[in-house]
Structures are given as structure tokens and as C-alpha cells.
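Novice: Pasting a structure here, questions to come.
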Amino acid sequence: MTTREVEHEITISAPAAAVYRLLAEVTHWPRIFPPTIYVDREETGSGEERIRIWATANNEPKTWTSRRTLDAAALRITFRQEVTAPPVAAMGGTWIVEPLTEDSCRVRLLHDYRAVGDDPHDLLWIERAVDKNSRSELAALKDNVERAHAADTQQLTFSFTDTVAIDGPAKDAFAFVNEAGSWPERLPHVARVRFTEDTPGLQELEMDTRAKDGSTHTTKSYRVVLGEHRIAYKQVTLPALMTLHTGVWTFKDTDDGATASSQHTVTLNTDNITKILGPDATVADARAYVHSALSTNSLATLGHAKAYAERNR
């Protein structure tokens, strides 16, 4: 079997310990790394953890499970896939953070991999995916760490949650949101949907949404279904005012019915604020506009999910 080894690196103007912390906190990866859709920590122990990752590889959504060993003293994280996704037969590697000065470091990302059946075409596919994702992740890591100390970063990224109470079971509200292929018939603000689920629980959702002013906006998301109580997602085709939009739909049974929530995390695109909202628009205006637009749509969806669950009770 052919084992390929490859290395990528980047220099970052930030302390090595700060970079290591960002790599170690794997649940934040969907916000930092463009390919990462969602990460779930399945086990965690002393310096070890088992994680499940949903991410794109060559623009295809994939999921795999890895075991990571974290060494904070050496600023090093090793990883090995335990459950792979074809055409990968085996994959592992190491993140190495090397201090250069007090305020700069080099990050090296090492991979080794094999293809199922040693297929040359599959080896090439993996090589392209590893190269594309490694370059994307290192560039995003540099950008996030170097921007983290900027005064306005906290204003640009924000989170909020909308919740409705339901006089009915949580599983029916979950079903309404899970069955996004039916949204054009069920939701007035959704004009068109393209919905696929080639891997159970890993969904691709592209839709045209009508805004309050009558205009339509096309967005594309990958969604991860976690049991019958959570659906996490990441938008990969974004409206002009955002550079990031992730979220989680959560459904809980309560003593007197259920609750359904829609949580959003957004990073604003400052380049487009005045273009879209006018020459005097501020970051605060953009926050309010985006919050209102997303809340309007998620509350509309939650309202219809509530009605659906209460009808089915």
C-alpha cells in the first residue's frame, strides 16, 4: 500500500501559545476553518479526545472520526482517523506550533494518508483535498489569530437565539425542520429548495429566500443531524453582509410540551456595509439589520414548526 506524506506551513504574527489554544479548542473550528461544518467531541480525557468531524473535501461533504493527542507543553497535536470516509483508507498527522519570537510562530501541518485499494485516481483526489483544505485552514488560522486582538473583532462576531414554546412533542417540530425538502410548500418565505442527503444525517440545502422587500437571496448550507433533537448547520454561500453564519436548531421536550430554538453565530462583512445599507451605516446598523433578517426567517420557520407539531399532537 502506498503511504503519501505531505507538509504545509505558515508563519503567524501571534504568540505560539495563542495559536495552539485555537487549534486545541476543536469545537470552534466551524467558525475558523472554511472546510469544517461541525465538530462533536465524543470522548475527552487527559490529553486525549475522540472527535467526529463533518467537513467538505473537494467540495463534497464528508464525515469521519479521529483520535487526537494534545501536548500543550510541546505545542503539538497529533491526530489519527479511526473511522475514515472513502476514498480515504487511512489518514493521520500532526499540528506543530514553533515559536519564532514572543509574538510570532510557524505552524506546520503534517499529513500521511493511504487510498482505498491503493487506487491512483483516489490518491490524486486525496492529495488535492489535503492540499486545498490545509492551505485554506492555515490561511484562516493566521487571519483569525492576527485579527483576534483587533478592537472591533468582538463587535463583528455575535450570537443570538430565538425560541418558541410548543404545545406538542419536540419530535414533530424536529421533523418539520429536518424535512427541508418540503419547505417551499410549507414556508411562505422559501421560494425554492434543492435538498440532498447522500450520507444519512449529512444534508446539503440550497434555497432561495424571500426578504421583506420582495427580493430573493440564494444561500447554501450543509446541515448535520444529531439524533432527533439537534440540527447544526453552516452556510457556505452567504448573503453579502456576512462572512460567517453557523447555527443550531434545538428541540426539547418539557413538562408541558416542548421548546424549539434557533441559535445563530454571525460574523459581519465590513466591506459591504455602506454598499448595502448606505454611506452612513455603522457596524451597529449592520448588526441590527442582520439580526432582524435572520430572526424574522428563523421565527417564521419556528412558528410553522410549532403549528405543525400542534396539529399532529
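The way I read the labels, and the way they are meant: chains A, B, ... in the order of the C-alpha cells, residue 1 as the first residue of every chain, and ligand 1 as the first ligand shown, with later ones counted on from there.
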Using DSSP assignments from the backbone, pull out every residue in range 13-197 of chain A that falls under helix (DSSP H, G or I) and give it to me as a VMD selection string.
Specialist: chain A and resid 16 to 24 26 to 32 116 to 118 120 to 147 153 to 156 170 to 178 180 to 186
Novice: Sorted by chain and rising residue number, which residues of range 74-106 of chain A lie within 12 Å of range 136-150 of chain A, and what are their closest atom pairs and distances in Å to one decimal, counting only C-alpha atoms, as CSV?
Specialist:
```
residue,atom,partner,partner_atom,distance
A:Trp95,CA,A:Leu138,CA,10.5
A:Ile96,CA,A:Leu138,CA,11.9
A:Val97,CA,A:Leu138,CA,11.6
A:Asp103,CA,A:Glu146,CA,10.3
A:Ser104,CA,A:Glu146,CA,10.0
A:Cys105,CA,A:Lys142,CA,10.2
A:Arg106,CA,A:Lys142,CA,10.1
```
Novice: Show me, as JSON lines, the residues of range 212-273 of chain A having an atom within 12 Å of range 26-43 of chain A, each with the closest atom pair and its distance in Å, using only C-alpha atoms.
Specialist:
```
{"residue": "A:Ser221", "atom": "CA", "partner": "A:Ile37", "partner_atom": "CA", "distance": 9.1}
{"residue": "A:Tyr222", "atom": "CA", "partner": "A:Ile37", "partner_atom": "CA", "distance": 6.8}
{"residue": "A:Arg223", "atom": "CA", "partner": "A:Ile37", "partner_atom": "CA", "distance": 7.8}
{"residue": "A:Val224", "atom": "CA", "partner": "A:Tyr38", "partner_atom": "CA", "distance": 7.2}
{"residue": "A:Val225", "atom": "CA", "partner": "A:Tyr38", "partner_atom": "CA", "distance": 10.3}
{"residue": "A:Leu226", "atom": "CA", "partner": "A:Asp40", "partner_atom": "CA", "distance": 9.5}
{"residue": "A:Arg230", "atom": "CA", "partner": "A:Asp40", "partner_atom": "CA", "distance": 11.9}
{"residue": "A:Ile231", "atom": "CA", "partner": "A:Tyr38", "partner_atom": "CA", "distance": 10.2}
{"residue": "A:Ala232", "atom": "CA", "partner": "A:Tyr38", "partner_atom": "CA", "distance": 7.0}
{"residue": "A:Tyr233", "atom": "CA", "partner": "A:Ile37", "partner_atom": "CA", "distance": 6.8}
{"residue": "A:Lys234", "atom": "CA", "partner": "A:Ile37", "partner_atom": "CA", "distance": 5.6}
{"residue": "A:Gln235", "atom": "CA", "partner": "A:Ile37", "partner_atom": "CA", "distance": 8.6}
{"residue": "A:Val236", "atom": "CA", "partner": "A:Pro34", "partner_atom": "CA", "distance": 8.2}
{"residue": "A:Thr237", "atom": "CA", "partner": "A:Pro34", "partner_atom": "CA", "distance": 11.3}
{"residue": "A:Thr243", "atom": "CA", "partner": "A:Arg31", "partner_atom": "CA", "distance": 9.9}
{"residue": "A:Leu244", "atom": "CA", "partner": "A:Arg31", "partner_atom": "CA", "distance": 7.0}
{"residue": "A:His245", "atom": "CA", "partner": "A:Arg31", "partner_atom": "CA", "distance": 8.2}
{"residue": "A:Thr246", "atom": "CA", "partner": "A:Arg31", "partner_atom": "CA", "distance": 7.3}
{"residue": "A:Gly247", "atom": "CA", "partner": "A:Tyr38", "partner_atom": "CA", "distance": 9.8}
{"residue": "A:Val248", "atom": "CA", "partner": "A:Tyr38", "partner_atom": "CA", "distance": 10.0}
{"residue": "A:His264", "atom": "CA", "partner": "A:Arg31", "partner_atom": "CA", "distance": 11.5}
{"residue": "A:Thr265", "atom": "CA", "partner": "A:Arg31", "partner_atom": "CA", "distance": 8.5}
{"residue": "A:Val266", "atom": "CA", "partner": "A:Arg31", "partner_atom": "CA", "distance": 9.0}
{"residue": "A:Thr267", "atom": "CA", "partner": "A:Arg31", "partner_atom": "CA", "distance": 8.9}
```
Novice: Just want the 9 Å neighbourhood of Asn297 in chain A, counted on only C-alpha atoms, with same-chain residues fewer than 6 positions away dropped. Output as a PyMOL selection string.
Specialist: chain A and resi 189+209+211
Novice: Can you work out the spacing between CA of Arg311 in chain A and CA of Thr161 in chain A in Å, to one decimal?
Specialist: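 Computing it gives 24.7 Å between the two atoms.
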Novice: In Å, with one decimal, what is the gap from CA of Thr65 in chain A to CA of Arg50 in chain A?
Specialist: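 We find that CA of Thr65 in chain A and CA of Arg50 in chain A lie 7.1 Å from each other.
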Novice: If you count only C-alpha atoms, which residues fall within 9 Å of range 166-171 of chain A, apart from same-chain ones fewer than 6 positions away, as number ranges by chain?
Specialist: A: 228-229, 251-254, 256-260, 305-307, 309-313
Novice: Choose the residue, out of A:Ala57, A:Leu75, A:Val193, A:Leu22, that has the smallest atom-to-atom separation from Asn133 in chain A; count only C-alpha atoms.
Specialist: A:Ala57
Novice: Kindly assemble as a tab-separated table a list of the range 112-230 of chain A residues that lie within 10 Å of range 269-288 of chain A, each paired with its nearest atom pair and their distance in Å to one decimal, using only C-alpha atoms, sorted first by chain and then by ascending residue number.
Specialist:
```
residue	atom	partner	partner_atom	distance
A:Asp152	CA	A:Val283	CA	9.1
A:Gln155	CA	A:Val283	CA	7.5
A:Leu156	CA	A:Val283	CA	7.3
A:Thr157	CA	A:Arg287	CA	9.0
A:Phe158	CA	A:Arg287	CA	8.3
```
Novice: Restrict the selected residues to C-alpha atoms and save them as a PDB file, in the first residue's frame.
Specialist:
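Output below, filename result-v4.pdb:
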```
ATOM      1  CA  ASP A 152     -13.641  45.680  16.715  1.00  0.00           C
ATOM      2  CA  GLN A 155     -18.464  43.626  17.555  1.00  0.00           C
ATOM      3  CA  LEU A 156     -18.183  41.837  14.213  1.00  0.00           C
ATOM      4  CA  THR A 157     -18.971  38.348  15.564  1.00  0.00           C
ATOM      5  CA  PHE A 158     -22.117  37.853  17.617  1.00  0.00           C
TER       6      PHE A 158
END
```
Novice: May I ask which of the residues A:Thr84, A:His121, A:Leu109, A:Gly214 is the closest one to Arg135 in chain A, counting only C-alpha atoms?
Specialist: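 Using only C-alpha atoms, Arg135 in chain A sits closest to A:Leu109.
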Novice: What is the distance, in Å and to one decimal place, between CA of Gln263 in chain A and CA of Gly227 in chain A?
Specialist: 17.3 Å
Novice: Between A:Glu185, A:Glu102, A:Asp162, A:Glu48, which has the minimum distance to Thr250 in chain A (counting only C-alpha atoms)?
Specialist: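 Answer, going by the shortest atom-to-atom distance: A:Asp162.
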Novice: So which one's closest to Trp125 in chain A, A:Ser292, A:Asn58, A:Ser261, A:Thr63? Using only C-alpha atoms, please.
Specialist: A:Asn58
Novice: Taking the DSSP secondary structure from the backbone, can you list the residues of range 55-236 of chain A that are strand (DSSP E or B), as number ranges by chain?
Specialist: A: 55-57, 60-71, 76-83, 88-101, 104-115, 157-166, 190-199, 202-210, 216-226, 230-236
